[in-house]
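S.K.: Can you keep this structure in mind? I'll have questions shortly.
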Amino acid sequence: MKKLALVLSMVMLLTCALAIPGMAEEQSTLDRILAEGKITIGCSLSGMPIGGYDEDGNPCGYDVDWAYKLGEVLGVEVEIVDVNGDTRIPALTSGQIDVFFANCTGNLSRAQTIDFSIPYLRCGIKMMTQAGSEYTDIEDLNTPDANVAVGRGTTGEDLVLQYAPNATITYVDTFTEQQLLLQQGRVDAVFEDSTLIDYAAGNSDGALVAPDRLYTSDPICIGARKGDLEWVRYLDMFVSWQISSGWQSETYYKWWGTTPSGMQYLW
């Protein structure tokens with residue numbers, strides 16, 4: 001009788017555990033996406049060639065190509081959601097998007113909140129000014145007379161706060177805003193990824209310049225919600241295969257007209 005009672009108690013506990021949200025095993029992100037036939041991906045659409053819109057108003061750019069490639073490999077529909085440096089992580093952690101390709105540097109601070117894939121691009125933060133500017137380096141900006149435009153929550157903001165703490169900061173949401181403020185002379189400098197800076201300066205007809213100095217060497221990674229290791233491993237394999245197959249190099253050349261720096265792959 002005691003053994004029967006013990007068995008019944010264990011069955012009841014197991015039944016209760018499965019009925020309580022969070023105690024049952026959750027469906028993995030990968031399984032859910034495959035079951036639903038759709039993936040929602042955040043991309044920063046504020047600065048070409050990383051991300052923007054074509055003449056028909058459709059998302060395009062390097063990160064957008066990666067997003068659609070992931071959907072193609074998974075065999076699912078892709079929905080693109082526009083995010084920026086301030087919204088990409090909240091959109092991910094809140095479940096608004098499944099992953100992001102949003103020009104985001106994978107670092108230890110952000111890794112406390114989300115998970116990252118292996119890098120699908122490497123770049124560095126550069127400064128851009130108007131041609132003929134007296135400011136040629138970040139340390140030159142360490143005065144209240146210097147006005148710098150950066151995005152909140154970006155590596156560029158971190159650099160300015162560290163090396164030019166006395167500069168006046170103007171916060172913006174997009175790289176397009178940074179460019180406009182700089183072209184109008186309302187700020188003295190902007191800081192962004194070299195991929196965006198070099199492209200913008202090279203297409204400004206000499207009005208904007210980008211000094212050669214790279215302030216960081218940044219791994220640009222896919223962002224995923226924390227804790228789903230199966231999904232992150234899949235993303236690692238996905239990135240690795242696109243690099244080893246040559247697709248990443250071809251896609252980079254498509255947007256910049258140059259070959260990327262050597263990328264590491266695992267498979």
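In the structure tokens, the first chain shown is A, the next is B, and so on; residue numbers restart at 1 for each chain, and ligands run from 1 in the order shown.
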Could you pull the residues within 12 Å of Thr216 (chain A), counting only C-alpha atoms, minus those fewer than 2 positions along the same chain, as a ChimeraX atom specification?

M.R.: /A:105,107,122-127,155-156,158-159,191-194,213-214,218-220

S.K.: Next, write the just-selected residues to a file, as a PDB file, in the first residue's frame, keeping C-alpha atoms as the atom set.

M.R.:
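Output saved as part.pdb:
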ATOM      1  CA  THR A 105      29.357  44.269 -31.627  1.00  0.00           C
ATOM      2  CA  ASN A 107      31.033  42.020 -26.183  1.00  0.00           C
ATOM      3  CA  ARG A 122      34.605  42.358 -38.495  1.00  0.00           C
ATOM      4  CA  CYS A 123      35.003  46.103 -38.527  1.00  0.00           C
ATOM      5  CA  GLY A 124      36.109  48.972 -36.288  1.00  0.00           C
ATOM      6  CA  ILE A 125      34.791  52.292 -35.060  1.00  0.00           C
ATOM      7  CA  LYS A 126      35.988  55.326 -37.037  1.00  0.00           C
ATOM      8  CA  MET A 127      35.464  59.062 -36.775  1.00  0.00           C
ATOM      9  CA  THR A 155      30.334  51.407 -29.094  1.00  0.00           C
ATOM     10  CA  GLY A 156      30.796  54.911 -30.495  1.00  0.00           C
ATOM     11  CA  ASP A 158      31.352  54.326 -25.141  1.00  0.00           C
ATOM     12  CA  LEU A 159      34.462  55.629 -26.901  1.00  0.00           C
ATOM     13  CA  PHE A 191      31.499  57.894 -34.655  1.00  0.00           C
ATOM     14  CA  GLU A 192      30.238  54.720 -36.248  1.00  0.00           C
ATOM     15  CA  ASP A 193      31.401  51.433 -37.721  1.00  0.00           C
ATOM     16  CA  SER A 194      34.023  51.757 -40.437  1.00  0.00           C
ATOM     17  CA  ARG A 213      42.535  55.533 -37.271  1.00  0.00           C
ATOM     18  CA  LEU A 214      40.463  52.509 -36.209  1.00  0.00           C
ATOM     19  CA  ASP A 218      34.860  44.625 -33.425  1.00  0.00           C
ATOM     20  CA  PRO A 219      33.197  41.252 -34.007  1.00  0.00           C
ATOM     21  CA  ILE A 220      29.756  41.869 -35.527  1.00  0.00           C
TER      22      ILE A 220
END

S.K.: Region 8-196 of chain A: which residues are helix (DSSP H, G or I) by DSSP, as a PyMOL selection string?

M.R.: chain A and resi 8-19+29-36+62-74+88-93+110-112+138-141+155-163+175-183+194-196

S.K.: Within 9 Å of Asn166 (chain A), counting only C-alpha atoms, which residues show up once you throw out same-chain ones fewer than 5 positions away? Write them as a PDB file with N, CA, C and O atoms, in the first residue's frame, please.

M.R.:
ATOM      1  N   LEU A 141      38.505  66.122 -29.379  1.00  0.00           N
ATOM      2  CA  LEU A 141      37.108  66.462 -29.095  1.00  0.00           C
ATOM      3  C   LEU A 141      36.827  66.642 -27.608  1.00  0.00           C
ATOM      4  O   LEU A 141      35.686  66.928 -27.216  1.00  0.00           O
ATOM      5  N   ASN A 142      37.842  66.502 -26.777  1.00  0.00           N
ATOM      6  CA  ASN A 142      37.637  66.547 -25.325  1.00  0.00           C
ATOM      7  C   ASN A 142      37.490  67.981 -24.820  1.00  0.00           C
ATOM      8  O   ASN A 142      38.268  68.461 -23.988  1.00  0.00           O
ATOM      9  N   THR A 143      36.490  68.653 -25.316  1.00  0.00           N
ATOM     10  CA  THR A 143      36.192  70.026 -24.915  1.00  0.00           C
ATOM     11  C   THR A 143      34.705  70.277 -25.121  1.00  0.00           C
ATOM     12  O   THR A 143      34.107  69.735 -26.072  1.00  0.00           O
ATOM     13  N   PRO A 144      34.066  71.077 -24.280  1.00  0.00           N
ATOM     14  CA  PRO A 144      32.633  71.367 -24.451  1.00  0.00           C
ATOM     15  C   PRO A 144      32.325  72.066 -25.775  1.00  0.00           C
ATOM     16  O   PRO A 144      31.169  72.063 -26.219  1.00  0.00           O
ATOM     17  N   ASP A 145      33.351  72.631 -26.401  1.00  0.00           N
ATOM     18  CA  ASP A 145      33.131  73.303 -27.684  1.00  0.00           C
ATOM     19  C   ASP A 145      32.913  72.311 -28.829  1.00  0.00           C
ATOM     20  O   ASP A 145      32.426  72.691 -29.894  1.00  0.00           O
ATOM     21  N   ALA A 146      33.295  71.070 -28.610  1.00  0.00           N
ATOM     22  CA  ALA A 146      33.147  70.042 -29.646  1.00  0.00           C
ATOM     23  C   ALA A 146      31.831  69.304 -29.455  1.00  0.00           C
ATOM     24  O   ALA A 146      31.537  68.794 -28.368  1.00  0.00           O
ATOM     25  N   VAL A 160      33.467  57.839 -26.941  1.00  0.00           N
ATOM     26  CA  VAL A 160      33.432  59.277 -26.662  1.00  0.00           C
ATOM     27  C   VAL A 160      33.429  59.522 -25.156  1.00  0.00           C
ATOM     28  O   VAL A 160      34.146  60.396 -24.648  1.00  0.00           O
ATOM     29  N   LEU A 161      32.642  58.768 -24.425  1.00  0.00           N
ATOM     30  CA  LEU A 161      32.583  58.932 -22.970  1.00  0.00           C
ATOM     31  C   LEU A 161      33.928  58.619 -22.318  1.00  0.00           C
ATOM     32  O   LEU A 161      34.285  59.203 -21.293  1.00  0.00           O
TER      33      LEU A 161
END

S.K.: So which residues touch region 180-187 of chain A within 8 Å, counting only C-alpha atoms, skipping near sequence neighbours fewer than 6 positions away, as an mmCIF file with C-alpha atoms, in the first residue's frame?

M.R.:
data_model
loop_
_atom_site.group_PDB
_atom_site.id
_atom_site.type_symbol
_atom_site.label_atom_id
_atom_site.label_comp_id
_atom_site.auth_asym_id
_atom_site.auth_seq_id
_atom_site.Cartn_x
_atom_site.Cartn_y
_atom_site.Cartn_z
ATOM 1 C CA THR A 129 34.181 65.018 -39.830
ATOM 2 C CA GLN A 130 33.684 67.705 -42.420
ATOM 3 C CA ALA A 146 33.147 70.042 -29.646
ATOM 4 C CA ASN A 147 29.756 68.555 -30.463
ATOM 5 C CA VAL A 148 29.613 64.843 -31.286
ATOM 6 C CA ALA A 149 26.625 62.853 -32.585
ATOM 7 C CA THR A 170 24.033 64.912 -29.338
ATOM 8 C CA ALA A 207 32.572 66.974 -48.242
ATOM 9 C CA LEU A 208 33.155 64.441 -45.459
#

S.K.: Hey, which bits of region 26-72 of chain A sit within 9 Å of region 100-103 of chain A, and for each residue what's the closest pair of atoms and how far apart in Å (one decimal), counting only C-alpha atoms, rows by chain and increasing number, as a Markdown table?

M.R.:
| residue | atom | partner | partner_atom | distance |
| --- | --- | --- | --- | --- |
| A:Thr40 | CA | A:Phe100 | CA | 8.5 |
| A:Ile41 | CA | A:Phe100 | CA | 5.2 |
| A:Gly42 | CA | A:Phe100 | CA | 4.3 |
| A:Cys43 | CA | A:Ala102 | CA | 4.6 |
| A:Ser44 | CA | A:Ala102 | CA | 4.9 |
| A:Leu45 | CA | A:Ala102 | CA | 8.4 |
| A:Ile50 | CA | A:Asn103 | CA | 7.2 |
| A:Gly51 | CA | A:Ala102 | CA | 8.3 |
| A:Asp63 | CA | A:Phe101 | CA | 5.5 |
| A:Val64 | CA | A:Phe101 | CA | 7.5 |
| A:Trp66 | CA | A:Phe101 | CA | 7.3 |
| A:Ala67 | CA | A:Phe101 | CA | 6.6 |

S.K.: Give me a file of those residues, with C-alpha atoms, as a PDB file, in the first residue's frame.

M.R.:
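Okay, this is what ended up in out.pdb:
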ATOM      1  CA  THR A  40      11.127  37.687 -37.467  1.00  0.00           C
ATOM      2  CA  ILE A  41      14.522  39.358 -37.785  1.00  0.00           C
ATOM      3  CA  GLY A  42      15.655  42.783 -36.605  1.00  0.00           C
ATOM      4  CA  CYS A  43      17.856  44.796 -38.981  1.00  0.00           C
ATOM      5  CA  SER A  44      19.174  48.341 -38.703  1.00  0.00           C
ATOM      6  CA  LEU A  45      17.855  50.100 -41.811  1.00  0.00           C
ATOM      7  CA  ILE A  50      24.621  47.748 -43.762  1.00  0.00           C
ATOM      8  CA  GLY A  51      20.903  48.331 -44.120  1.00  0.00           C
ATOM      9  CA  ASP A  63      22.658  42.673 -42.952  1.00  0.00           C
ATOM     10  CA  VAL A  64      19.371  42.285 -44.833  1.00  0.00           C
ATOM     11  CA  TRP A  66      22.141  37.795 -44.187  1.00  0.00           C
ATOM     12  CA  ALA A  67      18.620  37.863 -42.759  1.00  0.00           C
TER      13      ALA A  67
END
